[in-house]
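Asker: This is the structure I want to talk about, given as structure tokens.
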Amino acid sequence: MRNGQYNLPEWDKFKIIVDGVYDRKYYTNHGPLLIQLENKLSEFMDVQHAVCMTNMDIALMISLLALDIEKKILIPAFSSISIAQNALWAGLNPVYCDNAEGQPNISVQNLLQYLDTDVSAIIAVHNWGASCDIDAIKNLTKKENVKLIYCSSDVIGQTYNGTVHGSNGDLEIFSFQEKEMINGGDGACVTTNDDQLAARLRNIRSSYGARHSVKIPYTGNGRMSEIQAGLILETLNSLEDSRDKNKAQFGWYKESLDNLEEACLFIPISSNARMNFNKPILRVNKSKAHLVPNLKMKLKTIGWESKYDLEYGVNVNSLMPINGASNALSLRDSIVELPIGRLVSKEDISIICSIIVNQFNTDGYP
Amino acid sequence: MRPENKLAYFGNEPVFDVPRSTSNLVQPNKDNFLNYLEASYKSKIICSNGPLVSLFEQRFAELHGTKHCIAVCNGLWGLVLAIYCLKKENCSEIIMPSLTYRRLADIAAWVKLTPFYCDVDRISLGLTKETVAKNITKNTALILAPHPIVNLCDINGLVELANERGLPLLFDSVESYYADHGGKKIGSFGDAECFSMHASKLINGFEGGYITTSNDHLAEKLRLARNNGIDDSGLVKYFGINACLTDLHAAFGLASLDEIDDQVTINKERFYKYKSMIGNSMGLRLVEYSTFERRSFKNILVELDSNWRLNRDLTIRILQAENMIVRPYYSPPLHDKETSYPTLMGDLTNTNELKNKFMLLPCGEFVSRQDIEVIVEYLDYINLHAEDIISLEKVGNKL
């Protein structure tokens, strides 16, 4: 049992992708599958440019370089450690910004608190299928003249106010790591409507696919291979099927946990017709949050694992201070992310829900 | 036949319809590739430093005679992480040649080190103890020694120098996979060595790379660094990025590795075919591989001497028009490039003398013995007709 989608086409379908790569004898350097993928993603997200890269970290580092920013960057306290690290690699000074109480996304009020003349950019993450307050953040960044990056893997293909995610902020980044909705083994895509920014992204990524030469600070190999592109095209084709499977599993969790008084599933408020349902999160009421560690221990005995306890930026105060991250810390301590995806069965979900229900019914006592 | 009637540069049909490049582009056996990948693919977990990557690391550590191999997503980020893990603290300069891979200084920029360009040896085209020693300062954080194409840099001298001065020594061995030195495998020298599996290289992994070392502590740091500093228990112990190698690329690399001896045999045939043809060519000197140590014979490097009657750039333009994708050797050198970051340099006399003299001829999977005959025939032709070509070029008689 693992947290993550792990969507892969059937082995026979994958072999057909391999046959094509072998026939064309094109392995990397902006090949035909990569070109096809970028065109398809651009159309899918209704955005001018989709620039595919090696993985999310490299995509974010190259994006930060392409934006030509310096000094401070505000990042969510409730986010993966990689965001803080990527900002440091890009020569920036990341500052944690808390989320709103009980909510996973960056708080506009808190952004206002930390915005000063040294801040040149903001990174916001759409967590758990819930879009950030895009309109409010847009007004803020416009007014303060700071750059804006969205990390949007959880909301790929979803909409905000009727517009599909992909063209918000200065750019958006989507991960194709195997745990995400779209799988390239690893991989990522940066989307933007800014022609000059897109040119800089391509030139930093590689001379192949750069189209025309533009001035950049320096380069970094951000290439995606043909086999990755082929795999991503195939999993993109089956996105609806993946959503349907997720929705069914999400429904099983809801069915079993709906009557809990002490906790509930986080359901993103959205007018989306099509949600990804890829992050079922159990939110435990404050009064019962003390039961969460014990609950996690019990779930670990059946192979469950958590990333929020360990690799989230808010935990790592050796890198930077975590002052003003109390909401992120309290959220971390009151949630249990439930596994969903191809490596999770209905029986697994049933066992997990039994453990959870029992935990709260017995108040944690055996 | 006169140049204006023969050469594609003057509007005629190119002699090759499909480009002959300097990229290796070797294609490993498909069934073998799929066999390597099948188990992890069917487990649905293909990017988690799992059993296939472990096998990859074990096989390449054996190839290079080291305790450890740390697989990474590509050679550039492998170099970035290796430099980060090795560099001396509170020092700001990294020694490297100027006549080398065009991205090497950019790699230093990611690690916030200032490149200090050193000269190269006239014969090997690589760094030596002498060219490096005079440029070491109290700010030197690391010596980065890329092996040049065909030859090796002064390994013994650099190892000695690094030990004397207490400096980390990192080899960029992208062009020297298969080589031996003094009976030991390339990959086992200095503090660590970095390799790339880009499709143009000896080992084709689509993309990908790896670092070899026998230093346990360094290996541990590199494994953390390529995984955002996160250890096996999920705790963040170090600084890094996601530089993990996907099983898709590990499997392709392993399948390529299985065929490396056969590939080298074919490379050798190509090299000796070039040698037999170029032997009588005026103005061209084929840079020879050592015959008493193991070499890959992949790259074909020639020097244009005083009997070569065209400048290198025009030579390359003419040949490229024929779909012979001849490349200038590491051009322009790094010290001639404008950068957004500061750089330093020592005496670069040899570099400046050599920088316009060498070029790489087509090699790899797409180049046959017959192709080599055509390529050398055209090289001889354009040198013989140099005067006519220059006249035509001057009057702009290019269609």
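We name chains A, B, ... following the order of the structure tokens; residues begin at 1 in each chain, and ligands are numbered from 1 as shown.
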Tell me which protein, DNA and RNA residues are within 7 Å of stretch 189-193 of chain B, counting only C-alpha atoms, leaving out same-chain ones fewer than 6 positions away, and put them as JSON, numbers by chain.

Answerer: {"B": [159, 168, 169, 170, 171, 172, 173, 211, 212, 213]}

Asker: Please, could you write that set of residues out with all heavy atoms as a PDB file, in the first residue's frame?

Answerer:
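Below you can see selection-v3.pdb, which holds the result:
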ATOM      1  N   VAL B 159      46.126  13.949  -9.040  1.00  0.00           N
ATOM      2  CA  VAL B 159      45.881  13.269  -7.758  1.00  0.00           C
ATOM      3  C   VAL B 159      46.961  13.683  -6.751  1.00  0.00           C
ATOM      4  O   VAL B 159      46.672  13.994  -5.594  1.00  0.00           O
ATOM      5  CB  VAL B 159      45.851  11.736  -7.949  1.00  0.00           C
ATOM      6  CG1 VAL B 159      45.894  11.021  -6.607  1.00  0.00           C
ATOM      7  CG2 VAL B 159      44.619  11.317  -8.727  1.00  0.00           C
ATOM      8  N   PRO B 168      39.792  18.892  -2.825  1.00  0.00           N
ATOM      9  CA  PRO B 168      38.973  17.839  -3.445  1.00  0.00           C
ATOM     10  C   PRO B 168      39.237  17.809  -4.953  1.00  0.00           C
ATOM     11  O   PRO B 168      39.424  18.864  -5.581  1.00  0.00           O
ATOM     12  CB  PRO B 168      37.531  18.283  -3.171  1.00  0.00           C
ATOM     13  CG  PRO B 168      37.604  19.432  -2.241  1.00  0.00           C
ATOM     14  CD  PRO B 168      38.971  19.999  -2.300  1.00  0.00           C
ATOM     15  N   LEU B 169      39.226  16.597  -5.510  1.00  0.00           N
ATOM     16  CA  LEU B 169      39.474  16.418  -6.943  1.00  0.00           C
ATOM     17  C   LEU B 169      38.329  15.611  -7.541  1.00  0.00           C
ATOM     18  O   LEU B 169      38.072  14.476  -7.126  1.00  0.00           O
ATOM     19  CB  LEU B 169      40.806  15.679  -7.155  1.00  0.00           C
ATOM     20  CG  LEU B 169      41.159  15.253  -8.577  1.00  0.00           C
ATOM     21  CD1 LEU B 169      41.228  16.457  -9.517  1.00  0.00           C
ATOM     22  CD2 LEU B 169      42.488  14.493  -8.587  1.00  0.00           C
ATOM     23  N   LEU B 170      37.643  16.226  -8.485  1.00  0.00           N
ATOM     24  CA  LEU B 170      36.496  15.588  -9.139  1.00  0.00           C
ATOM     25  C   LEU B 170      36.792  15.495 -10.627  1.00  0.00           C
ATOM     26  O   LEU B 170      37.117  16.503 -11.256  1.00  0.00           O
ATOM     27  CB  LEU B 170      35.237  16.431  -8.905  1.00  0.00           C
ATOM     28  CG  LEU B 170      33.941  15.977  -9.595  1.00  0.00           C
ATOM     29  CD1 LEU B 170      33.482  14.623  -9.051  1.00  0.00           C
ATOM     30  CD2 LEU B 170      32.838  17.014  -9.381  1.00  0.00           C
ATOM     31  N   PHE B 171      36.673  14.292 -11.186  1.00  0.00           N
ATOM     32  CA  PHE B 171      36.848  14.108 -12.627  1.00  0.00           C
ATOM     33  C   PHE B 171      35.481  14.081 -13.314  1.00  0.00           C
ATOM     34  O   PHE B 171      34.557  13.409 -12.842  1.00  0.00           O
ATOM     35  CB  PHE B 171      37.590  12.798 -12.923  1.00  0.00           C
ATOM     36  CG  PHE B 171      39.046  12.841 -12.568  1.00  0.00           C
ATOM     37  CD1 PHE B 171      39.507  12.272 -11.388  1.00  0.00           C
ATOM     38  CD2 PHE B 171      39.971  13.451 -13.411  1.00  0.00           C
ATOM     39  CE1 PHE B 171      40.860  12.321 -11.059  1.00  0.00           C
ATOM     40  CE2 PHE B 171      41.316  13.496 -13.085  1.00  0.00           C
ATOM     41  CZ  PHE B 171      41.765  12.935 -11.907  1.00  0.00           C
ATOM     42  N   ASP B 172      35.391  14.815 -14.417  1.00  0.00           N
ATOM     43  CA  ASP B 172      34.223  14.691 -15.296  1.00  0.00           C
ATOM     44  C   ASP B 172      34.647  13.731 -16.396  1.00  0.00           C
ATOM     45  O   ASP B 172      35.439  14.101 -17.274  1.00  0.00           O
ATOM     46  CB  ASP B 172      33.841  16.065 -15.853  1.00  0.00           C
ATOM     47  CG  ASP B 172      32.679  15.981 -16.845  1.00  0.00           C
ATOM     48  OD1 ASP B 172      32.171  14.855 -17.080  1.00  0.00           O
ATOM     49  OD2 ASP B 172      32.292  17.027 -17.394  1.00  0.00           O
ATOM     50  N   SER B 173      34.138  12.508 -16.345  1.00  0.00           N
ATOM     51  CA  SER B 173      34.683  11.446 -17.200  1.00  0.00           C
ATOM     52  C   SER B 173      33.702  11.005 -18.272  1.00  0.00           C
ATOM     53  O   SER B 173      33.753   9.865 -18.750  1.00  0.00           O
ATOM     54  CB  SER B 173      35.076  10.258 -16.312  1.00  0.00           C
ATOM     55  OG  SER B 173      35.975  10.701 -15.334  1.00  0.00           O
ATOM     56  N   ILE B 211      27.514   8.885 -10.557  1.00  0.00           N
ATOM     57  CA  ILE B 211      28.759   9.318  -9.917  1.00  0.00           C
ATOM     58  C   ILE B 211      29.395   8.085  -9.291  1.00  0.00           C
ATOM     59  O   ILE B 211      28.696   7.288  -8.660  1.00  0.00           O
ATOM     60  CB  ILE B 211      28.467  10.357  -8.810  1.00  0.00           C
ATOM     61  CG1 ILE B 211      27.632  11.516  -9.376  1.00  0.00           C
ATOM     62  CG2 ILE B 211      29.759  10.879  -8.202  1.00  0.00           C
ATOM     63  CD1 ILE B 211      26.799  12.228  -8.337  1.00  0.00           C
ATOM     64  N   THR B 212      30.705   7.929  -9.475  1.00  0.00           N
ATOM     65  CA  THR B 212      31.398   6.798  -8.855  1.00  0.00           C
ATOM     66  C   THR B 212      32.360   7.308  -7.791  1.00  0.00           C
ATOM     67  O   THR B 212      32.988   8.357  -7.949  1.00  0.00           O
ATOM     68  CB  THR B 212      32.185   5.988  -9.892  1.00  0.00           C
ATOM     69  OG1 THR B 212      33.060   6.880 -10.608  1.00  0.00           O
ATOM     70  CG2 THR B 212      31.260   5.294 -10.874  1.00  0.00           C
ATOM     71  N   THR B 213      32.480   6.557  -6.721  1.00  0.00           N
ATOM     72  CA  THR B 213      33.413   6.880  -5.651  1.00  0.00           C
ATOM     73  C   THR B 213      33.605   5.659  -4.783  1.00  0.00           C
ATOM     74  O   THR B 213      32.728   4.786  -4.735  1.00  0.00           O
ATOM     75  CB  THR B 213      32.910   8.061  -4.798  1.00  0.00           C
ATOM     76  OG1 THR B 213      33.880   8.368  -3.793  1.00  0.00           O
ATOM     77  CG2 THR B 213      31.587   7.739  -4.114  1.00  0.00           C
TER      78      THR B 213
END

Asker: Select all residues from chain B having any atom no more than 9 Å from an atom of chain A (counting only C-alpha atoms, ignoring ligands), output as a PyMOL selection string.

Answerer: chain B and resi 25-27+30+34+38+41-48+73-77+103+105-107+109-112+198-199+204-207+228+230+233-236+239-249+339-341

Asker: Which one is closest to A:Cys97: A:Ile351, A:Met181, A:Ala325, A:Val357? Count only C-alpha atoms.

Answerer: A:Ala325

Asker: If DSSP is run on the backbone, what residues of stretch 134-363 of chain B are alpha helix (DSSP H)? A reply as a PyMOL selection string would be ideal.

Answerer: chain B and resi 155-165+216-225+247-258+260-278+312-321+349-354

Asker: Which residue is closest to B:His335? Choose from B:Gly65, B:Pro19, B:Gly11, B:Pro97 and count only C-alpha atoms.

Answerer: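 Among B:Gly65, B:Pro19, B:Gly11, B:Pro97, it is B:Pro97 that comes nearest to B:His335.
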
Asker: Hey, which of B:Leu99, B:Ala39, B:Val367, B:Leu392 ends up closest to B:Leu125? Count only C-alpha atoms.

Answerer: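 So, comparing all the options, the nearest one is B:Leu99.
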
Asker: Excluding A:Thr117 and residues on its chain fewer than 2 positions from it, collect all residues at most 12 Å away from it, counting only C-alpha atoms, and give them as a PDB file with N, CA, C and O atoms, in the first residue's frame.

Answerer:
ATOM      1  N   GLU A  70      15.267  38.157  -7.498  1.00  0.00           N
ATOM      2  CA  GLU A  70      16.313  38.050  -6.492  1.00  0.00           C
ATOM      3  C   GLU A  70      15.741  38.336  -5.113  1.00  0.00           C
ATOM      4  O   GLU A  70      14.567  38.689  -4.968  1.00  0.00           O
ATOM      5  N   LYS A  71      16.615  38.171  -4.167  1.00  0.00           N
ATOM      6  CA  LYS A  71      16.291  38.401  -2.755  1.00  0.00           C
ATOM      7  C   LYS A  71      15.219  37.434  -2.265  1.00  0.00           C
ATOM      8  O   LYS A  71      15.343  36.242  -2.367  1.00  0.00           O
ATOM      9  N   LYS A  72      14.107  37.969  -1.724  1.00  0.00           N
ATOM     10  CA  LYS A  72      13.180  37.096  -0.988  1.00  0.00           C
ATOM     11  C   LYS A  72      12.093  36.512  -1.876  1.00  0.00           C
ATOM     12  O   LYS A  72      11.612  37.147  -2.825  1.00  0.00           O
ATOM     13  N   ILE A  73      11.689  35.303  -1.497  1.00  0.00           N
ATOM     14  CA  ILE A  73      10.534  34.690  -2.132  1.00  0.00           C
ATOM     15  C   ILE A  73       9.668  34.075  -1.038  1.00  0.00           C
ATOM     16  O   ILE A  73      10.181  33.386  -0.150  1.00  0.00           O
ATOM     17  N   LEU A 112       0.166  39.134   2.949  1.00  0.00           N
ATOM     18  CA  LEU A 112       0.221  40.589   3.166  1.00  0.00           C
ATOM     19  C   LEU A 112       1.164  40.934   4.307  1.00  0.00           C
ATOM     20  O   LEU A 112       1.892  41.917   4.271  1.00  0.00           O
ATOM     21  N   TYR A 114       3.840  39.384   5.233  1.00  0.00           N
ATOM     22  CA  TYR A 114       5.254  39.184   4.959  1.00  0.00           C
ATOM     23  C   TYR A 114       5.772  39.939   3.743  1.00  0.00           C
ATOM     24  O   TYR A 114       6.960  39.996   3.499  1.00  0.00           O
ATOM     25  N   LEU A 115       4.839  40.525   2.996  1.00  0.00           N
ATOM     26  CA  LEU A 115       5.273  41.250   1.801  1.00  0.00           C
ATOM     27  C   LEU A 115       6.009  42.514   2.186  1.00  0.00           C
ATOM     28  O   LEU A 115       5.479  43.352   2.892  1.00  0.00           O
ATOM     29  N   VAL A 119      10.661  41.394  -1.275  1.00  0.00           N
ATOM     30  CA  VAL A 119      10.022  40.194  -1.824  1.00  0.00           C
ATOM     31  C   VAL A 119       9.821  40.381  -3.322  1.00  0.00           C
ATOM     32  O   VAL A 119       9.213  41.354  -3.768  1.00  0.00           O
ATOM     33  N   SER A 120      10.354  39.421  -4.099  1.00  0.00           N
ATOM     34  CA  SER A 120      10.240  39.556  -5.555  1.00  0.00           C
ATOM     35  C   SER A 120       9.282  38.531  -6.149  1.00  0.00           C
ATOM     36  O   SER A 120       8.894  38.644  -7.310  1.00  0.00           O
ATOM     37  N   ALA A 121       8.893  37.521  -5.351  1.00  0.00           N
ATOM     38  CA  ALA A 121       8.020  36.483  -5.919  1.00  0.00           C
ATOM     39  C   ALA A 121       7.302  35.721  -4.816  1.00  0.00           C
ATOM     40  O   ALA A 121       7.713  35.738  -3.644  1.00  0.00           O
ATOM     41  N   GLU A 144       1.477  44.679  -5.860  1.00  0.00           N
ATOM     42  CA  GLU A 144       2.824  44.741  -5.277  1.00  0.00           C
ATOM     43  C   GLU A 144       3.914  44.474  -6.304  1.00  0.00           C
ATOM     44  O   GLU A 144       5.098  44.505  -5.974  1.00  0.00           O
ATOM     45  N   ASN A 145       3.504  44.188  -7.539  1.00  0.00           N
ATOM     46  CA  ASN A 145       4.456  43.938  -8.627  1.00  0.00           C
ATOM     47  C   ASN A 145       5.463  42.834  -8.280  1.00  0.00           C
ATOM     48  O   ASN A 145       6.684  43.029  -8.355  1.00  0.00           O
ATOM     49  N   VAL A 146       4.922  41.699  -7.844  1.00  0.00           N
ATOM     50  CA  VAL A 146       5.793  40.553  -7.598  1.00  0.00           C
ATOM     51  C   VAL A 146       5.387  39.415  -8.526  1.00  0.00           C
ATOM     52  O   VAL A 146       4.242  39.323  -8.960  1.00  0.00           O
TER      53      VAL A 146
END

Asker: List as a list in words the protein and nucleic acid residues near A:Lys298, meaning an atom at most 10 Å away when only C-alpha atoms are counted, but skip any in the same chain fewer than 6 places from it.

Answerer: Val292, Trp304, Ile352, Ile355, Ile356 and Gln359 of chain A

Asker: I need the chosen residues saved as a short mmCIF file (atom, residue, chain, number, x, y, z; two decimals), in the first residue's frame, with N, CA and C atoms.

Answerer:
data_model
loop_
_atom_site.label_atom_id
_atom_site.label_comp_id
_atom_site.auth_asym_id
_atom_site.auth_seq_id
_atom_site.Cartn_x
_atom_site.Cartn_y
_atom_site.Cartn_z
N VAL A 292 -4.23 11.40 16.89
CA VAL A 292 -3.66 11.21 15.55
C VAL A 292 -2.35 10.40 15.57
N TRP A 304 0.86 1.52 5.77
CA TRP A 304 0.58 2.91 5.40
C TRP A 304 1.82 3.75 5.67
N ILE A 352 -8.48 0.14 6.52
CA ILE A 352 -8.06 1.46 7.01
C ILE A 352 -9.22 2.14 7.74
N ILE A 355 -9.89 0.68 11.17
CA ILE A 355 -8.90 1.15 12.15
C ILE A 355 -9.26 2.55 12.62
N ILE A 356 -9.62 3.41 11.68
CA ILE A 356 -9.93 4.80 12.02
C ILE A 356 -11.18 4.88 12.90
N GLN A 359 -10.53 3.62 16.31
CA GLN A 359 -9.68 4.55 17.07
C GLN A 359 -10.53 5.61 17.76
#

Asker: Could you pull the residues within 12 Å of stretch 261-278 of chain B, counting only C-alpha atoms, minus those fewer than 4 positions along the same chain, as a PyMOL selection string?

Answerer: chain B and resi 24-28+63+150+177-179+201-204+256-257+282-291+294-304+360-380

Asker: Using only C-alpha atoms, determine which residues lie at most 12 Å from A:Arg202, disregarding the query and same-chain residues fewer than 5 positions distant; provide the list as a ChimeraX atom specification.

Answerer: /A:29-30,38,49-53,59,62-63,65-66,189-192,195-197,207-216,218-224

Asker: State, in Å with one decimal place, the distance from atom CA of A:Ser167 to atom CA of A:Val47.

Answerer: 5.7 Å

Asker: Go through stretch 56-210 of chain B and collect every residue that DSSP, computed from the backbone, puts in strand (DSSP E or B); the answer should be as an NGL selection string.

Answerer: :B and (68-72 or 93-97 or 114-118 or 140-146 or 169-172 or 180-181 or 184-185 or 192-196 or 209-210)
